[in-house]
Every structure is written in structure tokens, then in C-alpha cells.
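*Asks:* First the structure, which I've put down as C-alpha cells, then a few questions once you've had a look.
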Amino acid sequence: MMTFLLHLKSCPPSAVRSLMLQKQPNIRNMSSMAGGLRAASVVVLHRSLAPAFERFCQENRGPLALLGRSEPGKWTWPTLRTGPDTRMGRPQFHKYELGACTGSLVSLEEHSEQLKDMVTFFLGCGCPPEEALEKAGLPRRDPAGHGHVGAYKTAVPCVNIAGFCCPLVVTMRPLPQNKLERLVQDCVSVGGEQGQPIHIGDPELLGIKDLSKPDYGDPVACQPGHVPVFWPSQLTSLEAVSSCKTPLAFTSAPGCTVMADLKDMEAPASCLTPERIPEVHLISQDPLHYSITSASTVQKIRELETIIGIDPGNRGIGHLLCEGDLLRASLSLSHAHSVLITTGFPTHFQHDPPEETDGPPGAIALAAFLQALEKDVSMVIDQRAMNLFEKLVEEAVEQGVLRARIPMVTYRGGSAAAAQAFLCKNRDPKSPRFDHLVAIERTGRAADGNYYNARAVNVKHLVDPIDDLFLAARSLPGISSTGVGDGGNELGMGKVKEAVRSHIRNGEVIACDVEADFAVIAGVSNWGGYALACALYILNSCEVHGRYLRKAIGPSRAPGEQNWTQALPSVTKGEMACPRGTQRASVLSLHFLDLNWKKKKKKRENNAQGAASHMIPDSYRDQTMNALEHTQPKHPPVPESSLVFPPSPSYTALIMHHPYNANKKTHF
């Protein structure tokens, strides 16, 4: 059982005697967290509220790590004192009546009769492990031991249970930017899951307007070169008690704790596994925002980025690759709430419709998975192609590729103000309609204002100026952008325009001049759309990222429970997503690689391994199988011949099963 160490010098004799006579305090241990001497805060509620509050803690484990609770009427605790601070007369408790704090108390001795019908909950203190930060050379936040550091109410709601309904409360610690990742890893190594931050960056993203005005305690200044890092705080319990408006309740006063010796609790492993090692990645400068995911997840997405970077047309796209942009783009999309996707490259300008088949399947695949993640998704396309894309989306819904119709909009341009009005609610730059724009194989504006295909033919007369939206987004806080391309003339490739001009045929003319925050380069742009969908699956299957994403509030979301695998791209879905028209036949049967690709390779010997083994070059099959061996899927792999995405991190095999445009090798 847990032994609570009271500082006897600060306790009256009656309290000491009461504690000594209580040989077996009736407290249930409810934690699997770190062992040893731990600080705990207390919440004392009427027994009728105990089941609901226990569930509330279980649903909001980040700020309310439940260490244990007493049984009603079987154990009393007349007097409690703070851990490190033993000054006499300091209030240790807050008293709540009907939701309002009506006073501060040194002890609960005068309420001994009411306590007989109440339950005491012991909560772990959710703050950064000072031990880890001190080892790194950072001073204590409160070296003098006076007061307590600031905590802030956020706009993040906790999971509501019965009458307990309140916002998350967080504490903040500025960390040096150049040591950020190492310090976060140290905190997790010492504090386990409770040592992981729930937000790094701009406090306004949590709804905190001013760090100099905490709701509890004293402010902590964030010096230049430091980044504000936030952890969930057990002071959330005060907001919860206030929200339930019970006739009588008690809580620890802010900054006051009981020291609990949790000898029977398992300590977190000091040596973290790759699945638990957090990596910190910057995903936005304005507003400042970092994301967290595990080292193993990062490795998988980097492997994915390498695979889609294969250059089947030998066009020199290896010179355009932006290492890490697939990871950063997918992290940004994972945090997004509303995404605007654009696609459409009228490269076949003598046909009706002129769209090539590369782009729409990748866009639909990404939209499908964003829908599975319950994000708002819209598409902006050329007005002349509206009927085509409406039919495309309608068929995708009928075939089950999309869960619901995607709102389709057009943009005809006009001015920078028009672009801002399109992107922002009521033309307010602080209220964007979308927080991420994605272009997949979308015609990109060159430096001379024209739009060119790979052969340097101007197709401007077929293109609406959707580029203006990406240009406007560059100056609007809170909107990120991703461009997916395979030749340098696609929207967003302005980020690599110098490399395009130097290494891509006709690059001096065709290079897109409009930059996106993230440039995902792929051998075929559809691959980039598929890779973004797969990367989102990998990220949202990661416990470290999932906890950070939900701010340690609510239960984790298991991939199987969410049916995410059904939303992943597959060859069959890609075939459904290809625009109908003169280019339909160019996709062939959407098998693993098209016939034109095979003709470019050495003649392959006939074998008896079946059509699937013939469709993928041997070197790719070997690379894919090697990658699969390191993913350690939790579910049995699905045979390649089934042409569906396996319900496991075995994502690399499907990337090679892509819908490939037969005309892609010349890229008209």
C-alpha cells in the first residue's frame, strides 16, 4: 500500500496520533506510473460523486493521473501538509461550496464529520520533471521555494463526465530552442508518459492570450532563444470541482502537495524504445508550432519518402528532393482541421477534357483519409473542369472510396485582396477558413506569369489562377501549404525552382515560381498523394503523436477502432478515381507498373511467379520486402495479389502498386 509521508514537525499531536493508530489505511492504488517519492495533490468529494470523478480522471489521464483513492467512511486524514515547504500556518486546502471557492484552510480537522462521508482522490502532479532539466543545466523555476509557478486555463475542453465539465489547465516551462528535442527526451525518460509535453510553441494555439497573466501562481518569463513548452497540470482538478457545483468539496491549494512513497509502482524505463523516443519537429513559424512523434514513426515516413522519390522517367527529380518535407507536411496535416486540395494539369490541351490522369487519384486518396480522420476537406478546381470533378467525386462516393461528397469550389482570381477574402472568414486574417492547402500535380505559374507543360507549351488559357491562394497563404498566419510534383512545373515547386532550372529539361522556362511551405517530390505525383495518406496513417497510429495531438485528453485512438485501413489508398480505389475521358485508357489497368515502364527496362525472363511478380522491378521488390521486415506488422500481411492495403504499417508495398499514367514517361 502507499505510505504518505507527512512532515511530523508541522502536524499537531492529534494528527500524528491519528496517523499512528491507522495501521492499514484503506487506499486503492490506481496507477502504474513511476515509483519512489512522488508529489500528489488531493481532491475530496462526497461519496456520491466518486464514481463519476474517477471516470473523469480516467478519461483525462494527462492532467489527472489518478494514483489512488480512499474508500468512503473507512479512513480519515485529519491534517495534510505540503511536501518541501513546512512553514506553519500556510493554507493547505481550498474549500468549495456550490462551485465557488469559499476559503483556504490549514487543515481539514474541523470538517471531520463531513469527511466520514467523503472520498479522497490522490492525483499525480503533471509538470516537467525538474530533475531532468536540472541535469541539463537549467535552473529551477522557483529556486527560493516561494509561491508556485504559473498555470493557465486553455480553450481545450476535457472529456466531460456527468457534472464534471472544465477546460484543460497547463503549466509552462521555457526551454532553449537549441536543446529542445534533447530536453523533451530527458523529461520523458525521467517522467515517462507524464513527462511528455502536450504543446510546444505559440500559447495562443491553446487559447492562452498572455503568458504574463497566469490563472494560477506566478508567471515565468520566456527569454529570447527559448520556446514555451506546456505540460498538463493537476490544477485541472480545481476547475473540475468548481464545475460540478457540489455543496461541499476540498482540494489541495495550488502549490501544496502530499509526498507519496509509491513503493509498489513500476518506474518508467530509463532506456526508451524507438516507439517511445519523442522527436520534435518544427511545422510552422507563424504561429510558432512544433509537433512530436516517435523515432520509429519518423524512420518509417523517411523510408516512404525515399521510395516515392524513385525517378521512373529519368528526368532528374533526384535533384529536387527536399529531405524531410514529407514528414513535416504530414505532421502539419495531422494538426490541421480544414484542408483545401487542388489538382488538375491540362497537359493534353488538344483533348476534351485536357486533364492528365496523374493528380486526381492522389488527391482523392488524400481526401479520403482526411475524411477518415474527421477533418473538413474541400477542393478548388478550374471552373471549366467543374463538371468533370463533380462526376469524379460522385463516383468515388458511390464506390465507397470517399465517405461523403467533397465541397467543390472555384477561384477566378482578381487581386491579392480577393485571395485573402477567399481564404479567410469575413476577410479577417485571424480567422482562416482553411489551415492547410495541398496541390497535387496542379499546373504551376512560371516566373513570366504563364503556365507550361513539360514540353514548354503554354496552357495558360486552360488554367484558373489558383496560385494566388498559395501566394496569399504565405502571408496569412495559421495557413500552411504543401505542393506535390514530379517535374518542377507544378504548383508549390517554387521552393526548388533553382534546381528545376538547373537540372530539369526546359527548366528555365517551365519552373514554377510559386512556393509552398513543403515540397513533396515523387516519381509520379499520385505517389505523393498516396504517401501523404499513408504517412497520416502511420502518424495517427503512433501513441506518442496521438497523445500530443489530443493534448493528453481522452482515450487513445487505435487504428482498428477507427477503420482507418479502409480509407487507405489501393489500386482499385485509384482506378475508380481516374477521370473518365480520353485519358482513361492511358492508365491501363492500374496494375503495379504500366507497360511503358517495363519497356524501358531490360527484358525480363518469363517466370512462374504470377502477374504480380512481373509488374514490379526486382530491385523495388527487394527494397519493399526489406522495409516490410522492419515494420513488424501487428496483423497478418495481406497477399499482394489482393490489391488492398494491408491493415498494418506495411505501407511500402502498396506505394509500388500505383496507378501509373502511360503517358507519364514523356509527360506531355
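Identifiers for the C-alpha cells are assigned positionally: chains receive A, B, ... in sequence, residues are indexed from 1 per chain, and ligands are indexed from 1 in the order shown.
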For Arg328 of chain A, find every residue with an atom within 12 Å (counting only C-alpha atoms), except residues of its own chain fewer than 5 positions away, and show them as a short mmCIF file (atom, residue, chain, number, x, y, z; two decimals) with C-alpha atoms, in the first residue's frame.

*Replies:*
data_model
loop_
_atom_site.label_atom_id
_atom_site.label_comp_id
_atom_site.auth_asym_id
_atom_site.auth_seq_id
_atom_site.Cartn_x
_atom_site.Cartn_y
_atom_site.Cartn_z
CA GLU A 279 11.31 13.57 -31.79
CA VAL A 280 10.44 17.27 -32.04
CA HIS A 281 9.85 18.84 -35.46
CA LEU A 282 9.09 22.45 -36.40
CA ILE A 283 6.00 22.60 -38.60
CA SER A 284 5.19 26.33 -38.57
CA HIS A 289 4.37 25.39 -33.68
CA TYR A 290 6.31 22.19 -33.10
CA SER A 291 4.97 18.66 -33.33
CA ILE A 292 6.09 15.43 -31.67
CA THR A 293 6.16 11.87 -32.89
CA VAL A 298 9.91 9.17 -38.29
CA ILE A 301 7.99 8.02 -43.09
CA ARG A 302 11.55 8.69 -44.21
CA GLU A 305 9.85 9.39 -48.81
CA CYS A 322 13.50 18.08 -50.12
CA GLU A 323 14.53 15.66 -47.40
CA LEU A 333 -1.79 17.98 -41.96
CA SER A 334 -2.21 15.84 -38.85
CA HIS A 335 -2.74 19.01 -36.81
CA SER A 480 0.43 26.07 -44.25
CA SER A 481 0.83 24.71 -47.76
CA THR A 482 2.16 21.61 -49.49
CA ASP A 517 5.96 25.52 -47.30
CA PHE A 518 6.59 21.83 -48.02
CA ALA A 519 7.58 20.32 -51.36
CA VAL A 520 6.89 16.59 -51.72
CA LEU A 532 0.69 11.71 -47.55
CA ALA A 535 2.08 8.98 -43.56
CA LEU A 536 -1.04 10.27 -41.82
CA LEU A 539 1.38 9.19 -37.52
#

*Asks:* Hey, what does DSSP flag as strand (DSSP E or B) within segment 135-348 of chain A? Can you give it to me as a PyMOL selection string?

*Replies:* chain A and resi 149+151-157+161+164+167-176+199-201+216+218+226-232+249-252+258-262+278-285+288-294+338-344

*Asks:* Could you work out how far atom CA of Arg405 of chain A lies from atom CA of Leu327 of chain A, giving the answer in Å with one decimal?

*Replies:*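 Calculated distance between atom CA of Leu327 of chain A and atom CA of Arg405 of chain A is 27.7 Å.
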
*Asks:* What is the atom CA of Tyr530 of chain A-atom CA of Leu402 of chain A distance in Å, reported with one decimal?

*Replies:*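 Interatomic distance, atom CA of Tyr530 of chain A to atom CA of Leu402 of chain A: 14.3 Å.
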
*Asks:* Determine which residues of segment 148-241 of chain A receive a DSSP assignment of helix (DSSP H, G or I), computed from the backbone, and state them as an MDAnalysis selection string.

*Replies:* chainID A and resid 177:195 203:206 236:241

*Asks:* Give me a file of those residues, with N, CA, C and O atoms, as a CSV table (one decimal), in the first residue's frame.

*Replies:*
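Printed below is out.csv as written:
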chain,number,residue,atom,x,y,z
A,177,GLN,N,15.8,26.7,-27.4
A,177,GLN,CA,15.5,26.2,-28.7
A,177,GLN,C,16.5,25.2,-29.2
A,177,GLN,O,16.2,24.2,-29.8
A,178,ASN,N,17.8,25.5,-28.9
A,178,ASN,CA,18.8,24.6,-29.5
A,178,ASN,C,19.0,23.3,-28.7
A,178,ASN,O,19.8,22.4,-29.1
A,179,LYS,N,18.3,23.2,-27.5
A,179,LYS,CA,18.3,21.9,-26.8
A,179,LYS,C,16.9,21.3,-26.6
A,179,LYS,O,16.7,20.4,-25.8
A,180,LEU,N,16.0,21.8,-27.4
A,180,LEU,CA,14.6,21.4,-27.2
A,180,LEU,C,14.3,19.9,-27.3
A,180,LEU,O,13.8,19.4,-26.3
A,181,GLU,N,14.8,19.3,-28.4
A,181,GLU,CA,14.5,17.9,-28.5
A,181,GLU,C,15.1,17.0,-27.4
A,181,GLU,O,14.5,16.1,-26.8
A,182,ARG,N,16.4,17.3,-27.1
A,182,ARG,CA,17.1,16.5,-26.1
A,182,ARG,C,16.4,16.7,-24.7
A,182,ARG,O,16.3,15.7,-24.0
A,183,LEU,N,16.0,17.9,-24.4
A,183,LEU,CA,15.4,18.1,-23.1
A,183,LEU,C,14.0,17.4,-23.0
A,183,LEU,O,13.6,16.9,-22.0
A,184,VAL,N,13.2,17.4,-24.1
A,184,VAL,CA,12.0,16.7,-24.1
A,184,VAL,C,12.2,15.2,-23.9
A,184,VAL,O,11.5,14.6,-23.2
A,185,GLN,N,13.2,14.7,-24.6
A,185,GLN,CA,13.5,13.3,-24.4
A,185,GLN,C,14.0,13.0,-23.0
A,185,GLN,O,13.6,11.9,-22.4
A,186,ASP,N,14.7,13.9,-22.4
A,186,ASP,CA,15.1,13.7,-21.0
A,186,ASP,C,13.9,13.7,-20.1
A,186,ASP,O,13.8,12.9,-19.1
A,187,CYS,N,13.0,14.6,-20.3
A,187,CYS,CA,11.8,14.6,-19.5
A,187,CYS,C,11.0,13.3,-19.6
A,187,CYS,O,10.5,12.8,-18.6
A,188,VAL,N,10.9,12.8,-20.8
A,188,VAL,CA,10.1,11.6,-21.0
A,188,VAL,C,10.9,10.4,-20.4
A,188,VAL,O,10.3,9.5,-19.8
A,189,SER,N,12.2,10.4,-20.4
A,189,SER,CA,13.0,9.4,-19.9
A,189,SER,C,12.8,9.3,-18.3
A,189,SER,O,12.7,8.2,-17.7
A,190,VAL,N,12.7,10.5,-17.7
A,190,VAL,CA,12.6,10.5,-16.3
A,190,VAL,C,11.1,10.4,-15.8
A,190,VAL,O,10.8,9.6,-14.9
A,191,GLY,N,10.2,11.0,-16.5
A,191,GLY,CA,8.8,11.1,-16.1
A,191,GLY,C,7.9,10.2,-16.8
A,191,GLY,O,6.7,10.1,-16.5
A,192,GLY,N,8.4,9.4,-17.8
A,192,GLY,CA,7.5,8.5,-18.6
A,192,GLY,C,6.5,9.4,-19.4
A,192,GLY,O,6.8,10.5,-19.8
A,193,GLU,N,5.3,8.8,-19.6
A,193,GLU,CA,4.3,9.5,-20.4
A,193,GLU,C,4.0,10.8,-19.8
A,193,GLU,O,3.7,11.8,-20.5
A,194,GLN,N,4.0,11.0,-18.4
A,194,GLN,CA,3.6,12.3,-17.8
A,194,GLN,C,4.7,13.3,-18.1
A,194,GLN,O,4.4,14.5,-17.9
A,195,GLY,N,5.9,12.9,-18.5
A,195,GLY,CA,6.9,13.9,-18.8
A,195,GLY,C,6.8,14.4,-20.2
A,195,GLY,O,7.6,15.4,-20.6
A,203,PRO,N,1.4,30.1,-27.4
A,203,PRO,CA,0.4,29.8,-26.4
A,203,PRO,C,-1.0,30.1,-27.0
A,203,PRO,O,-2.0,29.5,-26.5
A,204,GLU,N,-1.2,31.0,-28.0
A,204,GLU,CA,-2.5,31.2,-28.5
A,204,GLU,C,-3.1,30.0,-29.1
A,204,GLU,O,-4.4,30.0,-29.3
A,205,LEU,N,-2.3,29.1,-29.6
A,205,LEU,CA,-2.9,27.9,-30.1
A,205,LEU,C,-3.6,27.0,-29.1
A,205,LEU,O,-4.4,26.2,-29.4
A,206,LEU,N,-3.3,27.3,-27.8
A,206,LEU,CA,-4.1,26.7,-26.7
A,206,LEU,C,-5.2,27.6,-26.2
A,206,LEU,O,-5.9,27.2,-25.2
A,236,THR,N,-6.1,21.2,-13.1
A,236,THR,CA,-7.4,21.0,-13.8
A,236,THR,C,-8.4,20.5,-12.9
A,236,THR,O,-9.6,20.7,-13.1
A,237,SER,N,-8.0,19.8,-11.8
A,237,SER,CA,-8.9,19.2,-10.8
A,237,SER,C,-9.7,20.3,-10.1
A,237,SER,O,-10.9,20.1,-9.8
A,238,LEU,N,-9.1,21.5,-9.9
A,238,LEU,CA,-9.8,22.6,-9.3
A,238,LEU,C,-10.9,23.1,-10.2
A,238,LEU,O,-12.0,23.4,-9.7
A,239,GLU,N,-10.6,23.2,-11.5
A,239,GLU,CA,-11.7,23.6,-12.4
A,239,GLU,C,-12.8,22.5,-12.4
A,239,GLU,O,-14.0,22.9,-12.6
A,240,ALA,N,-12.4,21.3,-12.4
A,240,ALA,CA,-13.4,20.2,-12.4
A,240,ALA,C,-14.3,20.3,-11.2
A,240,ALA,O,-15.6,20.1,-11.3
A,241,VAL,N,-13.7,20.4,-10.0
A,241,VAL,CA,-14.5,20.5,-8.8
A,241,VAL,C,-15.5,21.7,-8.8
A,241,VAL,O,-16.6,21.7,-8.4

*Asks:* Each residue of segment 271-349 of chain A lying at most 12 Å from segment 427-441 of chain A should get a row with its shortest atom-to-atom pair and the distance in Å to one decimal, counting only C-alpha atoms; could you produce that, ordered by chain and increasing number, as CSV?

*Replies:*
residue,atom,partner,partner_atom,distance
A:Ile283,CA,A:His436,CA,11.5
A:Ser284,CA,A:Asp435,CA,11.1
A:Asp286,CA,A:Lys430,CA,11.6
A:Pro287,CA,A:Lys430,CA,11.0
A:Ala329,CA,A:His436,CA,9.4
A:Ser330,CA,A:His436,CA,10.6
A:Leu331,CA,A:His436,CA,11.2
A:Ser332,CA,A:His436,CA,7.8
A:Leu333,CA,A:His436,CA,6.7
A:Ser334,CA,A:His436,CA,10.1
A:His335,CA,A:Asp435,CA,9.0
A:Ala336,CA,A:Asp435,CA,5.8
A:His337,CA,A:Asp435,CA,6.7
A:Ser338,CA,A:Phe434,CA,4.8
A:Val339,CA,A:His436,CA,5.0
A:Leu340,CA,A:Leu437,CA,4.8
A:Ile341,CA,A:Val438,CA,4.7
A:Thr342,CA,A:Ala439,CA,4.8
A:Thr343,CA,A:Ile440,CA,5.1
A:Gly344,CA,A:Glu441,CA,6.4
A:Phe345,CA,A:Glu441,CA,6.4
A:Pro346,CA,A:Glu441,CA,10.2
A:Thr347,CA,A:Glu441,CA,10.7

*Asks:* Separation of atom CA of Ile200 of chain A and atom CA of Gly492 of chain A, in Å?

*Replies:*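 Between atom CA of Ile200 of chain A and atom CA of Gly492 of chain A the gap is 27.1 Å.
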
*Asks:* Pick out the closest residue to Ser233 of chain A from this set: A:Asn60, A:Ser212, A:Gln350, A:Asn453. Count only C-alpha atoms.

*Replies:*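 So, comparing all the options, the nearest one is A:Asn60.
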
*Asks:* With a distance cut-off of 8 Å and only C-alpha atoms, select the neighbouring residues of segment 242-253 of chain A, excluding the residue or stretch itself and same-chain residues fewer than 3 positions from it, and output the selection as a count of residues only.

*Replies:* 26

*Asks:* Which residue out of A:Leu138, A:Val258, A:Ile364, A:Val459 has the minimum interatomic distance to Pro176 of chain A when only C-alpha atoms are used?

*Replies:* A:Leu138

*Asks:* Leaving out Arg455 of chain A and any residue of its chain fewer than 4 positions from it, which residues lie within 12 Å of it when counting only C-alpha atoms, given as a count of residues only?

*Replies:* 18

*Asks:* Residues within 7 Å of Gly217 of chain A, please, as a list in words. Count only C-alpha atoms; anything in the same chain fewer than 2 positions from it doesn't count.

*Replies:*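 Counting only the stated atoms, we get Gly147, His148, Val149, Gly150, Ala151, Pro214, Asp215 and Pro219 of chain A.
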
*Asks:* Output C-alpha atoms of each residue in that selection to a file, as a JSON list (two decimals), in the first residue's frame.

*Replies:*
[["chain", "number", "residue", "atom", "x", "y", "z"],
["A", 147, "GLY", "CA", 4.87, 30.53, -4.28],
["A", 148, "HIS", "CA", 4.34, 28.29, -7.27],
["A", 149, "VAL", "CA", 4.87, 28.64, -10.97],
["A", 150, "GLY", "CA", 2.11, 29.81, -13.24],
["A", 151, "ALA", "CA", -0.63, 27.67, -14.70],
["A", 214, "PRO", "CA", -1.43, 33.11, -15.40],
["A", 215, "ASP", "CA", -4.71, 31.95, -13.87],
["A", 219, "PRO", "CA", 4.39, 34.00, -14.36]]

*Asks:* My list of candidates is A:Glu543, A:Asp352, A:Glu71, A:Asp448. Which is closest to Ser296 of chain A when distances are computed with only C-alpha atoms?

*Replies:*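 Checking each candidate against Ser296 of chain A, we get A:Glu543 as the closest.
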
*Asks:* Nearest to Leu388 of chain A: which of A:Gly124, A:Pro360, A:Gly529, A:Gly318 is it, counting only C-alpha atoms?

*Replies:*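 So, comparing all the options, the nearest one is A:Pro360.
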